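Asks: Input run-v5.txt, format and content: compact mmCIF, C-alpha atoms and all ligand atoms.
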# COMPACT_ATOMS: atom_id res chain seq x y z
CA MET A 8 109.92 123.11 111.06
CA THR A 9 106.61 121.44 111.88
CA THR A 10 106.33 118.50 114.29
CA ASP A 11 105.62 116.23 111.29
CA GLU A 12 108.96 117.18 109.67
CA ARG A 13 111.27 116.66 112.67
CA VAL A 14 111.57 112.91 112.16
CA PHE A 15 113.17 113.51 108.73
CA GLU A 16 115.96 115.61 110.27
CA LEU A 17 117.16 112.85 112.60
CA GLU A 18 120.40 111.06 111.80
CA SER A 19 118.83 107.97 113.39
CA THR A 20 116.06 108.02 110.74
CA VAL A 21 118.67 107.83 107.96
CA ARG A 22 120.43 104.95 109.76
CA THR A 23 117.17 103.08 110.44
CA TRP A 24 116.00 103.31 106.82
CA ASP A 25 119.43 102.32 105.47
CA ASP A 26 119.35 99.29 107.75
CA GLN A 27 115.72 98.32 107.11
CA TYR A 28 115.58 98.75 103.35
CA TYR A 29 118.96 98.96 101.66
CA HIS A 30 120.21 95.46 102.46
CA PRO A 31 122.56 94.08 99.76
CA ILE A 32 120.05 91.31 98.94
CA ALA A 33 117.36 93.94 98.26
CA GLU A 34 119.53 96.10 95.98
CA PRO A 35 118.79 94.08 92.79
CA LEU A 36 115.06 94.52 93.39
CA TYR A 37 115.49 98.30 93.63
CA ASP A 38 117.77 98.31 90.57
CA ARG A 39 115.16 96.49 88.51
CA ALA A 40 112.16 98.33 89.93
CA VAL A 41 113.60 101.81 89.35
CA SER A 42 114.69 100.84 85.85
CA ASP A 43 111.22 99.36 85.09
CA MET A 44 109.58 102.48 86.47
CA LEU A 45 111.72 104.79 84.29
CA ARG A 46 110.91 102.63 81.26
CA ALA A 47 107.18 102.78 82.03
CA MET A 48 107.55 106.56 82.43
CA GLU A 49 109.20 106.68 78.98
CA VAL A 50 112.04 108.90 80.16
CA ASP A 51 114.43 109.68 77.31
CA PRO A 52 118.22 109.82 77.78
CA ASN A 53 119.40 113.14 79.18
CA GLU A 54 115.89 114.23 80.21
CA THR A 55 115.50 115.69 83.69
CA VAL A 56 113.55 113.77 86.29
CA LEU A 57 112.29 115.45 89.45
CA ASP A 58 113.05 113.03 92.30
CA ALA A 59 110.43 114.40 94.68
CA GLY A 60 111.44 113.41 98.22
CA CYS A 61 114.88 112.10 97.28
CA GLY A 62 115.85 111.21 100.87
CA PRO A 63 119.49 110.09 101.04
CA GLY A 64 119.61 109.94 97.25
CA VAL A 65 119.77 106.21 96.60
CA HIS A 66 117.26 106.38 93.75
CA SER A 67 118.59 109.72 92.45
CA ILE A 68 121.81 107.77 91.90
CA ARG A 69 119.94 105.02 90.04
CA ILE A 70 118.17 107.58 87.83
CA ALA A 71 121.47 109.37 87.08
CA ARG A 72 123.21 106.06 86.32
CA ALA A 73 120.45 105.36 83.80
CA GLY A 74 121.72 108.43 81.92
CA HIS A 75 119.19 111.04 83.08
CA ARG A 76 119.54 114.39 84.79
CA VAL A 77 117.98 114.64 88.23
CA CYS A 78 116.51 117.46 90.27
CA ALA A 79 116.68 115.89 93.73
CA ALA A 80 114.29 117.64 96.10
CA ASP A 81 113.49 117.03 99.74
CA ILE A 82 112.10 118.91 102.70
CA SER A 83 114.90 117.75 104.99
CA GLU A 84 118.35 119.41 105.09
CA ARG A 85 119.78 116.25 106.62
CA MET A 86 118.45 114.04 103.81
CA LEU A 87 119.75 116.50 101.19
CA SER A 88 123.17 116.52 102.80
CA HIS A 89 123.33 112.69 102.72
CA ALA A 90 122.06 112.73 99.15
CA SER A 91 124.70 115.17 97.95
CA GLU A 92 127.48 113.18 99.67
CA ARG A 93 126.30 109.89 98.17
CA VAL A 94 125.81 111.36 94.71
CA ALA A 95 129.34 112.84 94.86
CA ALA A 96 130.78 109.50 96.06
CA ALA A 97 129.09 107.84 93.07
CA GLY A 98 130.77 110.38 90.76
CA LEU A 99 127.41 111.70 89.50
CA SER A 100 127.42 115.28 90.79
CA ASP A 101 127.38 116.67 87.22
CA GLN A 102 123.96 115.13 86.61
CA VAL A 103 122.18 115.98 89.86
CA VAL A 104 121.04 119.27 91.37
CA PHE A 105 119.61 119.50 94.88
CA LYS A 106 116.74 121.63 96.15
CA ARG A 107 115.00 122.03 99.45
CA GLU A 108 111.32 121.70 98.64
CA ASP A 109 108.08 120.93 100.42
CA LEU A 110 105.89 118.70 98.27
CA THR A 111 102.78 120.37 99.66
CA ASN A 112 104.00 123.77 98.38
CA LEU A 113 106.50 123.39 95.54
CA SER A 114 108.40 126.45 94.33
CA PHE A 115 108.51 125.19 90.70
CA ALA A 116 106.38 126.78 88.01
CA SER A 117 103.45 124.74 86.73
CA GLU A 118 104.36 122.14 84.08
CA SER A 119 108.10 122.40 84.85
CA PHE A 120 108.94 118.71 84.48
CA ARG A 121 108.08 116.06 81.92
CA HIS A 122 108.76 113.38 84.52
CA VAL A 123 108.22 113.32 88.26
CA PHE A 124 109.38 110.33 90.30
CA SER A 125 108.52 109.98 93.97
CA TRP A 126 109.45 106.84 95.88
CA GLY A 127 108.12 106.20 99.36
CA VAL A 128 107.33 109.87 100.03
CA ILE A 129 103.61 110.65 99.82
CA ILE A 130 103.08 107.73 102.22
CA HIS A 131 104.61 110.01 104.88
CA ILE A 132 102.59 113.16 104.14
CA ARG A 133 99.41 113.46 106.17
CA GLU A 134 98.16 116.33 103.95
CA VAL A 135 98.54 114.10 100.93
CA GLU A 136 95.83 115.78 98.83
CA ARG A 137 97.96 118.97 98.79
CA ALA A 138 101.08 117.02 97.78
CA LEU A 139 99.20 115.22 95.00
CA SER A 140 97.82 118.47 93.64
CA GLU A 141 101.32 120.00 93.67
CA LEU A 142 102.95 116.97 92.01
CA ALA A 143 100.24 116.99 89.33
CA ARG A 144 100.68 120.75 88.82
CA VAL A 145 104.38 120.48 87.95
CA VAL A 146 103.97 117.61 85.43
CA GLN A 147 103.75 118.71 81.80
CA PRO A 148 100.81 117.57 79.65
CA GLY A 149 101.89 114.27 78.10
CA GLY A 150 104.37 113.76 80.95
CA THR A 151 104.39 111.13 83.66
CA LEU A 152 104.22 110.77 87.42
CA GLY A 153 105.80 107.66 88.95
CA LEU A 154 104.91 106.83 92.54
CA TYR A 155 106.00 104.09 94.94
CA VAL A 156 103.44 103.65 97.69
CA ILE A 157 102.20 101.28 100.35
CA ASN A 158 99.12 99.34 99.34
CA LYS A 159 96.23 98.86 101.72
CA THR A 160 95.21 95.38 100.50
CA ALA A 161 98.67 93.83 101.05
CA LEU A 162 98.76 90.40 102.67
CA ASP A 163 101.36 91.86 105.07
CA HIS A 164 98.69 93.95 106.81
CA GLY A 165 96.48 90.92 107.41
CA ILE A 166 99.44 89.02 108.87
CA GLU A 167 100.32 91.99 111.09
CA THR A 168 96.73 92.27 112.35
CA LEU A 169 96.70 88.55 113.26
CA ALA A 170 100.13 88.75 114.93
CA ARG A 171 99.06 91.80 116.94
CA ALA A 172 95.79 90.15 117.97
CA ALA A 173 97.70 87.03 119.09
CA SER A 174 100.16 89.12 121.12
CA ARG A 175 97.37 91.42 122.38
CA LYS A 176 99.14 94.51 120.99
CA PRO A 177 96.60 96.03 118.57
CA LEU A 178 97.80 98.93 116.41
CA ALA A 179 96.12 101.93 118.00
CA GLY A 180 94.97 105.04 116.19
CA MET A 181 94.51 103.76 112.65
CA GLN A 182 92.46 106.34 110.72
CA HIS A 183 90.21 105.19 107.89
CA LEU A 184 90.23 107.99 105.31
CA PRO A 185 88.98 108.38 101.72
CA LEU A 186 92.43 107.73 100.18
CA GLY A 187 93.31 104.84 102.49
CA ASP A 188 94.20 103.99 106.07
CA GLY A 189 96.84 105.92 107.97
CA VAL A 190 98.49 105.93 111.33
CA TRP A 191 101.08 107.90 113.31
CA TYR A 192 104.03 105.74 114.41
CA GLU A 193 106.55 106.72 117.05
CA MET A 194 110.15 106.90 115.78
CA ASP A 195 112.93 107.99 118.14
CA GLY A 196 110.60 110.27 120.03
CA GLU A 197 109.17 111.91 116.91
CA ARG A 198 106.06 111.01 114.96
CA LEU A 199 105.96 109.48 111.49
CA TRP A 200 102.75 109.27 109.47
CA VAL A 201 102.29 106.22 107.23
CA TRP A 202 99.55 105.83 104.62
CA ARG A 203 98.34 102.47 103.33
CA PHE A 204 96.72 103.69 100.14
CA ASP A 205 93.52 102.48 98.56
CA ILE A 206 95.04 102.37 95.05
CA PRO A 207 91.74 102.69 93.11
CA ALA A 208 90.79 105.68 95.32
CA LEU A 209 94.24 107.24 94.77
CA SER A 210 93.90 106.75 91.00
CA ASN A 211 90.39 108.25 90.98
CA HIS A 212 91.68 111.20 92.97
CA LEU A 213 94.51 111.84 90.48
CA ALA A 214 92.09 111.58 87.55
CA GLN A 215 90.76 115.06 88.46
CA TYR A 216 94.17 116.44 87.38
CA GLY A 217 94.07 114.54 84.08
CA LEU A 218 96.41 111.82 85.39
CA LYS A 219 95.56 108.32 84.22
CA LEU A 220 97.05 105.13 85.69
CA LYS A 221 98.97 103.34 82.94
CA TYR A 222 101.17 100.94 84.93
CA ARG A 223 100.80 99.18 88.25
CA ARG A 224 103.17 96.52 89.49
CA ILE A 225 104.09 94.89 92.77
CA GLY A 226 107.20 96.34 94.43
CA GLU A 227 108.21 94.80 97.74
CA PHE A 228 105.94 91.87 98.48
CA SER A 229 106.48 92.12 102.24
CA GLU A 230 108.11 94.42 104.78
CA ILE A 231 108.12 91.82 107.55
CA GLN A 232 111.85 91.41 106.82
CA ARG A 233 112.36 94.71 108.70
CA ARG A 234 111.31 93.05 111.94
CA VAL A 235 113.54 89.97 111.84
CA ARG A 236 117.27 89.28 111.60
CA GLY A 237 119.69 86.65 110.29
CA MET A 238 118.52 83.80 108.09
CA PRO A 239 114.76 84.55 108.26
CA ARG A 240 115.46 88.09 107.08
CA ARG A 241 117.63 86.94 104.20
CA ALA A 242 114.93 84.41 103.19
CA LEU A 243 112.21 87.09 103.23
CA LEU A 244 114.37 89.46 101.18
CA ARG A 245 114.93 86.72 98.59
CA MET A 246 111.18 86.06 98.57
CA ASN A 247 110.62 89.76 97.76
CA ASN A 248 113.05 89.52 94.84
CA LEU A 249 111.27 86.42 93.52
CA ALA A 250 107.82 87.97 93.95
CA TYR A 251 108.94 91.01 91.95
CA ARG A 252 110.39 88.96 89.12
CA ALA A 253 107.32 86.68 89.09
CA ARG A 254 105.05 89.75 88.94
CA ILE A 255 102.84 88.53 91.79
CA PRO A 256 99.56 90.52 91.53
CA ALA A 257 100.07 94.03 92.84
CA TRP A 258 97.08 93.91 95.25
CA ALA A 259 98.94 91.32 97.36
CA GLY A 260 102.14 93.34 97.78
CA VAL A 261 102.94 95.93 100.39
CA GLY A 262 104.79 98.13 97.89
CA ASN A 263 103.23 99.18 94.58
CA LEU A 264 104.83 100.94 91.62
CA LEU A 265 102.38 103.24 89.88
CA VAL A 266 102.88 105.29 86.73
CA PHE A 267 100.35 107.94 85.68
CA THR A 268 100.31 109.80 82.37
CA ARG A 269 99.04 113.37 82.19
CA ARG A 270 96.54 114.10 79.45
CA SER A 271 98.05 116.16 76.61
C1 LIG A 301 111.05 107.04 103.22
S1 LIG A 301 111.98 108.43 102.70
C2 LIG A 301 112.18 108.04 100.99
C3 LIG A 301 113.41 108.67 100.42
C4 LIG A 301 113.79 108.21 99.00
N1 LIG A 301 112.79 108.55 98.02
C5 LIG A 301 114.09 106.72 99.00
O1 LIG A 301 113.25 105.97 98.50
O2 LIG A 301 115.13 106.34 99.52
C6 LIG A 301 110.80 109.76 102.69
C7 LIG A 301 111.40 111.10 102.31
O3 LIG A 301 110.34 112.03 102.10
C8 LIG A 301 110.77 113.29 102.55
N2 LIG A 301 109.58 114.11 102.81
C9 LIG A 301 108.62 113.91 103.73
N3 LIG A 301 107.70 114.88 103.66
C10 LIG A 301 108.07 115.71 102.67
C11 LIG A 301 107.52 116.91 102.10
N4 LIG A 301 106.40 117.45 102.57
N5 LIG A 301 108.19 117.49 101.09
C12 LIG A 301 109.35 116.97 100.60
N6 LIG A 301 109.91 115.83 101.09
C13 LIG A 301 109.28 115.21 102.11
C14 LIG A 301 111.56 112.97 103.80
O4 LIG A 301 112.40 114.01 104.20
C15 LIG A 301 112.30 111.71 103.37
O5 LIG A 301 113.53 112.03 102.80
For this file, produce the structure as structure tokens.
Ligand SMILES: C[S@@+](CC[C@H](N)C(=O)[O-])C[C@H]1O[C@@H](n2cnc3c(N)ncnc32)[C@H](O)[C@@H]1O
Replies:
Amino acid sequence: MTTDERVFELESTVRTWDDQYYHPIAEPLYDRAVSDMLRAMEVDPNETVLDAGCGPGVHSIRIARAGHRVCAADISERMLSHASERVAAAGLSDQVVFKREDLTNLSFASESFRHVFSWGVIIHIREVERALSELARVVQPGGTLGLYVINKTALDHGIETLARAASRKPLAGMQHLPLGDGVWYEMDGERLWVWRFDIPALSNHLAQYGLKLKYRRIGEFSEIQRRVRGMPRRALLRMNNLAYRARIPAWAGVGNLLVFTRRS
């Protein structure tokens, strides 16, 4: 296991992400967003979707509930074990298979899947060009790639920069790279890479594989809710739900849903 992968094997990472993201108020946003993404990807009933970087399986469950088969893949044994427990608890084990896979070196043959879905995963891969080339390789011509990523132009980042300047705690080590800005965070003694993608640059990069952006929509408007508790947190989560339903322009949101179609 590389130093970059260790953070994904920690039980505390699963707990932190459950706590930060999967709040009951946020669930309707994820329900709608995953369903909208699958519709934009034009996934037919019973088709298999590769959930690339399935984590604890929360979206594999949503995809299976929508009537599809899922190949849930992740690099982390711990994430896969949570995913298989949660999928079983949801009564969906018949529709989901699990595989340990590294997105930078997938074991699948080229053009194995008509649909590849990957939510909040490439944002954590420093060698993202390799992951993008692998994801593109396994999509069939005419198929689709759905990504959920962090967007560099989000208002959140401006607010964070101002707050850090005011508290004299600048974010150190931000790297400005061709596909966006990225930084290593510390998480329970391990390191976690996070990309803030330049979406036009990401789309141009994927164009070399014949992938064309057909759908872009705001996901979570803000992630500031992760840093506060109680009523302010609930208010921010409701604001995210409203922003999604109101289709606030994607450039303003921290999370962006992207669907690419591969040339036939
Ligand atoms: C933020 S979680 C997202 C999980 C899930 N898609 C969700 O939205 O709940 C990121 C996931 O990416 C996985 N991951 C990170 N690097 C990976 C790689 N190179 N190959 C496969 N999975 C990877 C991690 O193990 C983790 O489960």
Asks: Using only C-alpha atoms and all ligand atoms, pick whichever of A:Val77, A:Val103, A:Ile132, A:Ala47 has the shortest atom-to-atom distance to ligand LIG 301 (chain A).
Replies: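 Closest to ligand LIG 301 (chain A) of all the choices is A:Ile132.
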Asks: Taking 6 positions as the minimum chain separation for residues in the same chain, which residues sit within 10 Å of Leu243 (chain A) when counting all atoms listed in the file? Answer as a list in words.
Replies: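 Once the nearby chain positions are removed, what remains is Ile32, Ala33, Phe228, Ser229, Glu230, Ile231, Gln232, Arg233, Val235 and Leu249 of chain A.
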Asks: Once you count only C-alpha atoms and all ligand atoms, which residues end up within 6 Å of ligand LIG 301 (chain A), and could you hand them over as an MDAnalysis selection string?
Replies: chainID A and resid 15 60:63 65 81:83 86 108:111 126:128 131:132
Asks: Of the candidates A:Arg107, A:Arg234, A:His164, A:Arg223, which shows the shortest atom-to-atom distance to Asp43 (chain A), using only C-alpha atoms?
Replies: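 Distance minimum relative to Asp43 (chain A) lands on A:Arg223.
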Asks: If we count only C-alpha atoms and set the cut-off at 12 Å, which residues sit around Met181 (chain A), ignoring sequence neighbours fewer than 2 positions away in its own chain? Please answer as a list in words.
Replies: Thr168, Pro177, Leu178, Ala179, His183, Leu184, Gly187, Asp188, Gly189, Val190, Trp191, Tyr192, Trp200, Val201, Trp202 and Arg203 of chain A
Asks: Please list as a VMD selection string every residue within 9 Å of Phe204 (chain A), counting only C-alpha atoms and excluding residues in the same chain fewer than 5 positions away.
Replies: chain A and resid 130 156 to 160 186 to 189 209
Asks: May I ask which of the residues A:Ala161, A:Pro185, A:His30, A:Glu54 is the closest one to Gly237 (chain A), counting all atoms listed in the file?
Replies: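 Using all atoms listed in the file, the shortest distance to Gly237 (chain A) belongs to A:His30.
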Asks: Between CA of Leu162 (chain A) and CA of Asp38 (chain A), what is the spacing in Å?
Replies: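 Calculated distance between CA of Asp38 (chain A) and CA of Leu162 (chain A) is 23.9 Å.
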Asks: Quick one, how far is CA of Ala259 (chain A) from CA of Arg175 (chain A)?
Replies: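 According to the coordinates, CA of Ala259 (chain A) and CA of Arg175 (chain A) are separated by 25.1 Å.
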Asks: Counting all atoms listed in the file, figure out which residue out of A:Asp195, A:Asp101, A:Asp58, A:Asp11 gets nearest to Leu142 (chain A).
Replies: A:Asp58
Asks: Can you tell me which residues surround region 263-267 of chain A at a distance of at most 9 Å, considering only C-alpha atoms, apart from same-chain residues fewer than 6 positions away, and format the answer as a ChimeraX atom specification?
Replies: /A:40,44,47-48,124,126,150-158,206,210,213,218-228,257
Asks: Point out the residue among A:Tyr216, A:Asp25, A:Asn248, A:Asn53 with the least atom-to-atom distance to Gln102 (chain A), counting all atoms listed in the file.
Replies: A:Asn53
Asks: Can you measure CA of Pro52 (chain A) to CA of Ala253 (chain A) for me? One decimal in Å is fine.
Replies: 28.0 Å
Asks: Please, could N, CA and C atoms be added to region 125-155 of chain A and the result written as a PDB file, in the frame of the given file?
Replies:
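Dumped to out-v2.pdb:
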ATOM      1  N   SER A 125     108.589 109.760  92.521  1.00  0.00           N
ATOM      2  CA  SER A 125     108.520 109.980  93.970  1.00  0.00           C
ATOM      3  C   SER A 125     108.334 108.639  94.670  1.00  0.00           C
ATOM      4  N   TRP A 126     109.393 108.208  95.336  1.00  0.00           N
ATOM      5  CA  TRP A 126     109.450 106.840  95.880  1.00  0.00           C
ATOM      6  C   TRP A 126     109.344 106.890  97.399  1.00  0.00           C
ATOM      7  N   GLY A 127     108.249 106.335  97.898  1.00  0.00           N
ATOM      8  CA  GLY A 127     108.120 106.200  99.360  1.00  0.00           C
ATOM      9  C   GLY A 127     108.014 107.536 100.072  1.00  0.00           C
ATOM     10  N   VAL A 128     107.374 108.519  99.454  1.00  0.00           N
ATOM     11  CA  VAL A 128     107.330 109.870 100.030  1.00  0.00           C
ATOM     12  C   VAL A 128     105.914 110.281 100.424  1.00  0.00           C
ATOM     13  N   ILE A 129     104.972 110.193  99.466  1.00  0.00           N
ATOM     14  CA  ILE A 129     103.610 110.650  99.820  1.00  0.00           C
ATOM     15  C   ILE A 129     103.018 109.776 100.921  1.00  0.00           C
ATOM     16  N   ILE A 130     103.568 108.588 101.114  1.00  0.00           N
ATOM     17  CA  ILE A 130     103.080 107.730 102.220  1.00  0.00           C
ATOM     18  C   ILE A 130     103.335 108.393 103.572  1.00  0.00           C
ATOM     19  N   HIS A 131     104.273 109.364 103.606  1.00  0.00           N
ATOM     20  CA  HIS A 131     104.610 110.010 104.880  1.00  0.00           C
ATOM     21  C   HIS A 131     104.033 111.425 104.991  1.00  0.00           C
ATOM     22  N   ILE A 132     103.140 111.791 104.090  1.00  0.00           N
ATOM     23  CA  ILE A 132     102.590 113.160 104.140  1.00  0.00           C
ATOM     24  C   ILE A 132     101.111 113.076 104.503  1.00  0.00           C
ATOM     25  N   ARG A 133     100.798 113.534 105.686  1.00  0.00           N
ATOM     26  CA  ARG A 133      99.410 113.460 106.170  1.00  0.00           C
ATOM     27  C   ARG A 133      98.483 114.280 105.260  1.00  0.00           C
ATOM     28  N   GLU A 134      98.966 115.465 104.839  1.00  0.00           N
ATOM     29  CA  GLU A 134      98.160 116.330 103.950  1.00  0.00           C
ATOM     30  C   GLU A 134      98.397 115.906 102.501  1.00  0.00           C
ATOM     31  N   VAL A 135      98.118 114.647 102.222  1.00  0.00           N
ATOM     32  CA  VAL A 135      98.540 114.100 100.930  1.00  0.00           C
ATOM     33  C   VAL A 135      97.800 114.737  99.752  1.00  0.00           C
ATOM     34  N   GLU A 136      96.574 115.175  99.961  1.00  0.00           N
ATOM     35  CA  GLU A 136      95.830 115.780  98.830  1.00  0.00           C
ATOM     36  C   GLU A 136      96.589 117.002  98.314  1.00  0.00           C
ATOM     37  N   ARG A 137      97.201 117.776  99.230  1.00  0.00           N
ATOM     38  CA  ARG A 137      97.960 118.970  98.790  1.00  0.00           C
ATOM     39  C   ARG A 137      99.202 118.546  98.012  1.00  0.00           C
ATOM     40  N   ALA A 138      99.870 117.497  98.488  1.00  0.00           N
ATOM     41  CA  ALA A 138     101.080 117.020  97.780  1.00  0.00           C
ATOM     42  C   ALA A 138     100.704 116.492  96.396  1.00  0.00           C
ATOM     43  N   LEU A 139      99.597 115.770  96.299  1.00  0.00           N
ATOM     44  CA  LEU A 139      99.200 115.220  95.000  1.00  0.00           C
ATOM     45  C   LEU A 139      98.849 116.334  94.018  1.00  0.00           C
ATOM     46  N   SER A 140      98.191 117.369  94.537  1.00  0.00           N
ATOM     47  CA  SER A 140      97.820 118.470  93.640  1.00  0.00           C
ATOM     48  C   SER A 140      99.082 119.200  93.175  1.00  0.00           C
ATOM     49  N   GLU A 141     100.073 119.340  94.050  1.00  0.00           N
ATOM     50  CA  GLU A 141     101.320 120.000  93.670  1.00  0.00           C
ATOM     51  C   GLU A 141     102.128 119.146  92.683  1.00  0.00           C
ATOM     52  N   LEU A 142     102.207 117.848  92.938  1.00  0.00           N
ATOM     53  CA  LEU A 142     102.950 116.970  92.010  1.00  0.00           C
ATOM     54  C   LEU A 142     102.298 117.018  90.635  1.00  0.00           C
ATOM     55  N   ALA A 143     100.960 116.955  90.615  1.00  0.00           N
ATOM     56  CA  ALA A 143     100.240 116.990  89.330  1.00  0.00           C
ATOM     57  C   ALA A 143     100.486 118.328  88.629  1.00  0.00           C
ATOM     58  N   ARG A 144     100.523 119.411  89.402  1.00  0.00           N
ATOM     59  CA  ARG A 144     100.680 120.750  88.820  1.00  0.00           C
ATOM     60  C   ARG A 144     101.998 120.883  88.052  1.00  0.00           C
ATOM     61  N   VAL A 145     103.070 120.263  88.573  1.00  0.00           N
ATOM     62  CA  VAL A 145     104.380 120.480  87.950  1.00  0.00           C
ATOM     63  C   VAL A 145     104.669 119.517  86.791  1.00  0.00           C
ATOM     64  N   VAL A 146     103.770 118.537  86.552  1.00  0.00           N
ATOM     65  CA  VAL A 146     103.970 117.610  85.430  1.00  0.00           C
ATOM     66  C   VAL A 146     103.417 118.236  84.154  1.00  0.00           C
ATOM     67  N   GLN A 147     104.208 118.162  83.083  1.00  0.00           N
ATOM     68  CA  GLN A 147     103.750 118.710  81.800  1.00  0.00           C
ATOM     69  C   GLN A 147     102.663 117.829  81.185  1.00  0.00           C
ATOM     70  N   PRO A 148     101.759 118.410  80.397  1.00  0.00           N
ATOM     71  CA  PRO A 148     100.810 117.570  79.650  1.00  0.00           C
ATOM     72  C   PRO A 148     101.600 116.567  78.808  1.00  0.00           C
ATOM     73  N   GLY A 149     101.161 115.323  78.812  1.00  0.00           N
ATOM     74  CA  GLY A 149     101.890 114.270  78.100  1.00  0.00           C
ATOM     75  C   GLY A 149     103.012 113.672  78.922  1.00  0.00           C
ATOM     76  N   GLY A 150     103.298 114.263  80.069  1.00  0.00           N
ATOM     77  CA  GLY A 150     104.370 113.760  80.950  1.00  0.00           C
ATOM     78  C   GLY A 150     103.862 112.681  81.891  1.00  0.00           C
ATOM     79  N   THR A 151     104.753 112.253  82.789  1.00  0.00           N
ATOM     80  CA  THR A 151     104.390 111.130  83.660  1.00  0.00           C
ATOM     81  C   THR A 151     104.747 111.406  85.120  1.00  0.00           C
ATOM     82  N   LEU A 152     103.976 110.742  85.973  1.00  0.00           N
ATOM     83  CA  LEU A 152     104.220 110.770  87.420  1.00  0.00           C
ATOM     84  C   LEU A 152     104.371 109.330  87.878  1.00  0.00           C
ATOM     85  N   GLY A 153     105.541 109.012  88.440  1.00  0.00           N
ATOM     86  CA  GLY A 153     105.800 107.660  88.950  1.00  0.00           C
ATOM     87  C   GLY A 153     105.817 107.688  90.467  1.00  0.00           C
ATOM     88  N   LEU A 154     105.002 106.853  91.076  1.00  0.00           N
ATOM     89  CA  LEU A 154     104.910 106.830  92.540  1.00  0.00           C
ATOM     90  C   LEU A 154     105.213 105.431  93.067  1.00  0.00           C
ATOM     91  N   TYR A 155     105.875 105.371  94.222  1.00  0.00           N
ATOM     92  CA  TYR A 155     106.000 104.090  94.940  1.00  0.00           C
ATOM     93  C   TYR A 155     105.287 104.292  96.262  1.00  0.00           C
TER      94      TYR A 155
END
